[in-house]
Amino acid sequence: MKKLISLMLLMCFSMPVIAAIEAYEFKNDEAEAEYKALIDELRCLVCQNQNLADSDADLAKDLRKQTYEMVQQGKNRQEVIEYMVNRYGDFVLYKPPVKSSTLLLWAGPFVLLLIVLLVVVIRVKKTRAVDAPQQENLQQAKGLLSDEADNRGGSK
Amino acid sequence: MRFLLPLGVFVLLVILLAIGLTMDPKKVPSPLIGKVAPAFDLPLLHNESLTFSPDKYKGQVWVLSVWASWCVSCRAEHKVITKLADMELADIVGLNYKDQPQDGRRWLQQFGDPYTFSVIDQDGRAGIDWGVYGVPETFVIGKDGLVKYKHIGPVTDNSLRDEVVPMIKSLL
């Protein structure tokens with residue numbers, strides 16, 4: 001039993017090793033950080049819901065290599081992104097640029113929020129308008145009730 | 001009257017989702033359309049001492065067809081490409097993508113060679129420049145050296161008849 005448990009524990013720890021991707025040597029820490037940020041942000045074209053860092057596809061491997069080489073050559077973030085967009089389009093970006101064709105994507109949620117807020121405001125105003133006379137009635141009723149109570153007290 | 005608004009919202013949603021269903025998320029629009037065909041200088045599959053680069057075809061309409069011996073849907077596409085070659089509308093250059101040259105040659109021997117010639121892109125570098133992400137892919141390049149059309153995935157009889165051939169004819 002103990003052996004089984006320790007084996008299972010061992011398997012838990014071995015997973016990250018299996019999932020590891022190519023090991024690259026970087027000229028400095030900045031380049032490495034840049035590379036990691038880039039492959040995290042660039043999308044794999046073959047398995048579309050993964051980024052380059054997560055994907056095990058052949059093309060993702062090639063594009064990681066390309067990214068690595070460009071970073072090593074001292075190309076900055078913008079240059080690498082431009083290189084990819086020129087070849088694969090905005091699709092490779094997980095964060096699409098603001099353009100006329102992506103306006104709905106960027107502004108859509110805020111427009112929806114605005115519409116919902118508007119609806120809520122209108123609704124609340126309407127219920128208030130309905131509530132207002134009721135409040136008056138309530139006050140009136142309370143007044144009458146307390147009058148009656150006073151009268152009762154008086155008659156006693 | 002109370003149901004009108006939810007019903008309206010529901011119908012709108014159904015229409016939106018229906019439109020979404022007809023779209024293919026795998027088809028990534030190519031930013032290459034209307035741009036100069038990316039340069040490469042690659043050895044020919046059948047004579048590795050010679051090379052081909054796209055600017056050699058400037059002034060004529062040609063087709064670049066990306067294929068590989070390991071690509072299963074290329075086999076399905078092969079007979080359609082052969083049909084296109086038989087029409088003799090334009091030269092078809094095969095880009096043997098990330099393949100072993102001897103495997104590529106054997107594949108052509110087995111199924112027949114519809115290509116005017118094929119070039120070897122063993123490391124896939126030219127493929128990256130052309131924005132290739134799935135094999136097969138087919139490009140039509142105009143006389144001005146600009147990429148005019150891209151087909152992702154195997155060309156079928158229908159897409160050959162309705163898209164590729166009309167596109168080539170309009171450029172001739």
# chains A, B, ... in the order shown; residues from 1 in each chain; ligands from 1
>>> interface_residues(of="chain A", to="chain B", cutoff="12 Å", atoms="only C-alpha atoms", output="PyMOL selection string")
chain A and resi 43-49+57-67+82-92
>>> write_last_selection(atoms="C-alpha atoms", output="tab-separated table (two decimals), in the first residue's frame")
chain	number	residue	atom	x	y	z
A	43	ARG	CA	-2.01	31.74	-30.69
A	44	CYS	CA	-1.43	28.36	-32.27
A	45	LEU	CA	-3.12	28.14	-35.67
A	46	VAL	CA	-3.56	24.40	-35.72
A	47	CYS	CA	-5.07	23.86	-32.29
A	48	GLN	CA	-6.89	27.11	-32.07
A	49	ASN	CA	-7.67	27.24	-28.40
A	57	ALA	CA	1.61	20.87	-32.73
A	58	ASP	CA	4.45	20.77	-35.21
A	59	LEU	CA	3.72	24.26	-36.47
A	60	ALA	CA	3.70	25.62	-32.91
A	61	LYS	CA	7.15	24.10	-32.44
A	62	ASP	CA	8.37	25.82	-35.61
A	63	LEU	CA	6.88	29.14	-34.57
A	64	ARG	CA	8.44	28.85	-31.10
A	65	LYS	CA	11.77	28.27	-32.82
A	66	GLN	CA	11.18	31.28	-35.05
A	67	THR	CA	10.26	33.40	-32.02
A	82	GLU	CA	4.51	42.13	-36.73
A	83	TYR	CA	6.33	39.22	-38.34
A	84	MET	CA	3.62	36.79	-37.23
A	85	VAL	CA	0.70	39.07	-38.11
A	86	ASN	CA	2.12	39.66	-41.61
A	87	ARG	CA	2.00	35.94	-42.21
A	88	TYR	CA	-0.97	34.66	-40.27
A	89	GLY	CA	-3.09	37.78	-39.73
A	90	ASP	CA	-4.57	39.14	-36.52
A	91	PHE	CA	-5.69	35.63	-35.80
A	92	VAL	CA	-2.36	34.79	-34.15
>>> residues_around(residues="segment 24-36 of chain A", least_positions_apart="2", cutoff="8 Å", atoms="only C-alpha atoms", output="PDB file with C-alpha atoms, in the first residue's frame")
ATOM      1  CA  GLU A  22      12.150  22.589 -25.936  1.00  0.00           C
ATOM      2  CA  LEU A  38       5.481  36.145 -26.673  1.00  0.00           C
ATOM      3  CA  ILE A  39       4.730  32.438 -26.857  1.00  0.00           C
ATOM      4  CA  ASP A  40       2.150  32.984 -24.159  1.00  0.00           C
ATOM      5  CA  ALA A  53       3.479  27.818 -25.282  1.00  0.00           C
ATOM      6  CA  THR A  67      10.260  33.405 -32.022  1.00  0.00           C
ATOM      7  CA  TYR A  68      13.348  32.192 -30.167  1.00  0.00           C
ATOM      8  CA  VAL A  71      14.447  37.241 -29.797  1.00  0.00           C
ATOM      9  CA  GLN A  72      18.058  36.033 -29.842  1.00  0.00           C
ATOM     10  CA  GLY A  74      17.652  41.202 -30.555  1.00  0.00           C
ATOM     11  CA  ARG A  77       8.360  42.359 -29.081  1.00  0.00           C
TER      12      ARG A  77
END
>>> atom_distance(atom1="atom CA of Tyr149 of chain B", atom2="atom CA of Val135 of chain B")
15.8 Å
>>> closest_residue(among="A:Ala37, A:Val130, A:Leu104, A:Ser6", to="Leu52 of chain A", atoms="only C-alpha atoms")
A:Ala37
>>> select_by_dssp(residues="chain B", states="helix (DSSP H, G or I)", output="VMD selection string")
chain B and resid 4 to 22 54 to 57 72 to 87 101 to 111 125 to 129 157 to 171
>>> residues_around(residues="Pro54 of chain B", least_positions_apart="4", cutoff="10 Å", atoms="only C-alpha atoms", output="PyMOL selection string")
chain B and resi 36-42+58+62+64+93+141+145
>>> write_last_selection(atoms="N, CA and C atoms", output="PDB file, in the first residue's frame")
ATOM      1  N   VAL B  36       2.721  40.891 -52.310  1.00  0.00           N
ATOM      2  CA  VAL B  36       3.716  40.227 -53.150  1.00  0.00           C
ATOM      3  C   VAL B  36       3.977  38.820 -52.627  1.00  0.00           C
ATOM      4  N   ALA B  37       4.049  37.872 -53.548  1.00  0.00           N
ATOM      5  CA  ALA B  37       4.313  36.489 -53.164  1.00  0.00           C
ATOM      6  C   ALA B  37       5.631  36.421 -52.397  1.00  0.00           C
ATOM      7  N   PRO B  38       5.619  35.845 -51.171  1.00  0.00           N
ATOM      8  CA  PRO B  38       6.850  35.770 -50.376  1.00  0.00           C
ATOM      9  C   PRO B  38       7.974  35.049 -51.129  1.00  0.00           C
ATOM     10  N   ALA B  39       9.163  35.597 -51.014  1.00  0.00           N
ATOM     11  CA  ALA B  39      10.298  35.038 -51.752  1.00  0.00           C
ATOM     12  C   ALA B  39      10.820  33.772 -51.089  1.00  0.00           C
ATOM     13  N   PHE B  40      11.322  32.869 -51.902  1.00  0.00           N
ATOM     14  CA  PHE B  40      12.123  31.743 -51.402  1.00  0.00           C
ATOM     15  C   PHE B  40      13.032  31.308 -52.538  1.00  0.00           C
ATOM     16  N   ASP B  41      13.991  30.528 -52.219  1.00  0.00           N
ATOM     17  CA  ASP B  41      14.874  29.986 -53.241  1.00  0.00           C
ATOM     18  C   ASP B  41      15.168  28.551 -52.830  1.00  0.00           C
ATOM     19  N   LEU B  42      14.378  27.638 -53.377  1.00  0.00           N
ATOM     20  CA  LEU B  42      14.420  26.268 -52.881  1.00  0.00           C
ATOM     21  C   LEU B  42      14.782  25.273 -53.990  1.00  0.00           C
ATOM     22  N   LYS B  58       7.380  35.816 -62.655  1.00  0.00           N
ATOM     23  CA  LYS B  58       6.767  37.140 -62.809  1.00  0.00           C
ATOM     24  C   LYS B  58       6.296  37.303 -64.256  1.00  0.00           C
ATOM     25  N   TRP B  62       0.409  31.636 -61.982  1.00  0.00           N
ATOM     26  CA  TRP B  62       0.804  30.290 -61.552  1.00  0.00           C
ATOM     27  C   TRP B  62       0.156  29.916 -60.232  1.00  0.00           C
ATOM     28  N   LEU B  64       0.579  27.799 -56.565  1.00  0.00           N
ATOM     29  CA  LEU B  64       1.464  27.122 -55.609  1.00  0.00           C
ATOM     30  C   LEU B  64       0.597  26.187 -54.778  1.00  0.00           C
ATOM     31  N   VAL B  93       3.140  24.749 -59.204  1.00  0.00           N
ATOM     32  CA  VAL B  93       4.365  24.440 -58.472  1.00  0.00           C
ATOM     33  C   VAL B  93       3.972  23.774 -57.163  1.00  0.00           C
ATOM     34  N   ILE B 141      -1.248  32.932 -57.934  1.00  0.00           N
ATOM     35  CA  ILE B 141      -0.446  34.147 -58.017  1.00  0.00           C
ATOM     36  C   ILE B 141      -0.632  34.762 -59.402  1.00  0.00           C
ATOM     37  N   GLY B 145       2.720  39.248 -59.836  1.00  0.00           N
ATOM     38  CA  GLY B 145       3.483  38.677 -58.732  1.00  0.00           C
ATOM     39  C   GLY B 145       2.784  38.793 -57.387  1.00  0.00           C
TER      40      GLY B 145
END
>>> select_by_dssp(residues="chain B", states="strand (DSSP E)", output="mmCIF file with C-alpha atoms, in the first residue's frame")
data_model
loop_
_atom_site.group_PDB
_atom_site.id
_atom_site.type_symbol
_atom_site.label_atom_id
_atom_site.label_comp_id
_atom_site.auth_asym_id
_atom_site.auth_seq_id
_atom_site.Cartn_x
_atom_site.Cartn_y
_atom_site.Cartn_z
ATOM 1 C CA LEU B 42 14.420 26.268 -52.881
ATOM 2 C CA PRO B 43 15.878 23.191 -54.592
ATOM 3 C CA THR B 51 16.462 26.047 -57.507
ATOM 4 C CA PHE B 52 13.237 27.960 -58.032
ATOM 5 C CA TRP B 62 0.804 30.290 -61.552
ATOM 6 C CA VAL B 63 -0.417 28.103 -58.750
ATOM 7 C CA LEU B 64 1.464 27.122 -55.609
ATOM 8 C CA SER B 65 0.178 23.926 -54.086
ATOM 9 C CA VAL B 66 1.478 22.914 -50.652
ATOM 10 C CA TRP B 67 1.616 19.159 -50.159
ATOM 11 C CA ASP B 91 1.845 26.048 -64.153
ATOM 12 C CA ILE B 92 1.393 24.343 -60.808
ATOM 13 C CA VAL B 93 4.365 24.440 -58.472
ATOM 14 C CA GLY B 94 4.286 21.946 -55.636
ATOM 15 C CA LEU B 95 5.747 22.977 -52.293
ATOM 16 C CA ASN B 96 6.830 19.747 -50.638
ATOM 17 C CA TYR B 97 6.299 20.932 -47.064
ATOM 18 C CA PHE B 117 7.750 20.727 -60.672
ATOM 19 C CA SER B 118 7.967 20.612 -56.886
ATOM 20 C CA VAL B 119 10.373 22.375 -54.553
ATOM 21 C CA ILE B 120 11.697 21.097 -51.230
ATOM 22 C CA ASP B 121 10.774 23.028 -48.084
ATOM 23 C CA GLU B 137 -3.066 24.766 -49.136
ATOM 24 C CA THR B 138 -3.353 26.286 -52.589
ATOM 25 C CA PHE B 139 -2.380 29.768 -53.743
ATOM 26 C CA VAL B 140 -3.022 31.513 -57.068
ATOM 27 C CA ILE B 141 -0.446 34.147 -58.017
ATOM 28 C CA VAL B 147 -1.034 36.557 -54.296
ATOM 29 C CA LYS B 148 -4.659 36.634 -55.490
ATOM 30 C CA TYR B 149 -6.285 33.686 -53.841
ATOM 31 C CA LYS B 150 -5.729 31.147 -51.115
ATOM 32 C CA HIS B 151 -7.550 27.910 -50.529
ATOM 33 C CA ILE B 152 -7.089 26.216 -47.164
#
>>> closest_residue(among="B:Lys83, B:Arg161, B:His78, B:Arg2", to="Leu108 of chain B", atoms="only C-alpha atoms")
B:His78
>>> atom_distance(atom1="atom CA of Asn151 of chain A", atom2="atom CA of Asn137 of chain A")
20.8 Å
>>> residues_around(residues="segment 69-72 of chain B", least_positions_apart="5", cutoff="8 Å", atoms="only C-alpha atoms", output="PyMOL selection string")
chain B and resi 99+103-104+107+135-136
>>> closest_residue(among="B:Glu77, B:Glu88, B:Glu48, B:Asp113", to="Ile168 of chain B", atoms="only C-alpha atoms")
B:Glu88
>>> residues_around(residues="Gln60 of chain B", least_positions_apart="3", cutoff="8 Å", atoms="only C-alpha atoms", output="ChimeraX atom specification")
/B:57,142-144,172
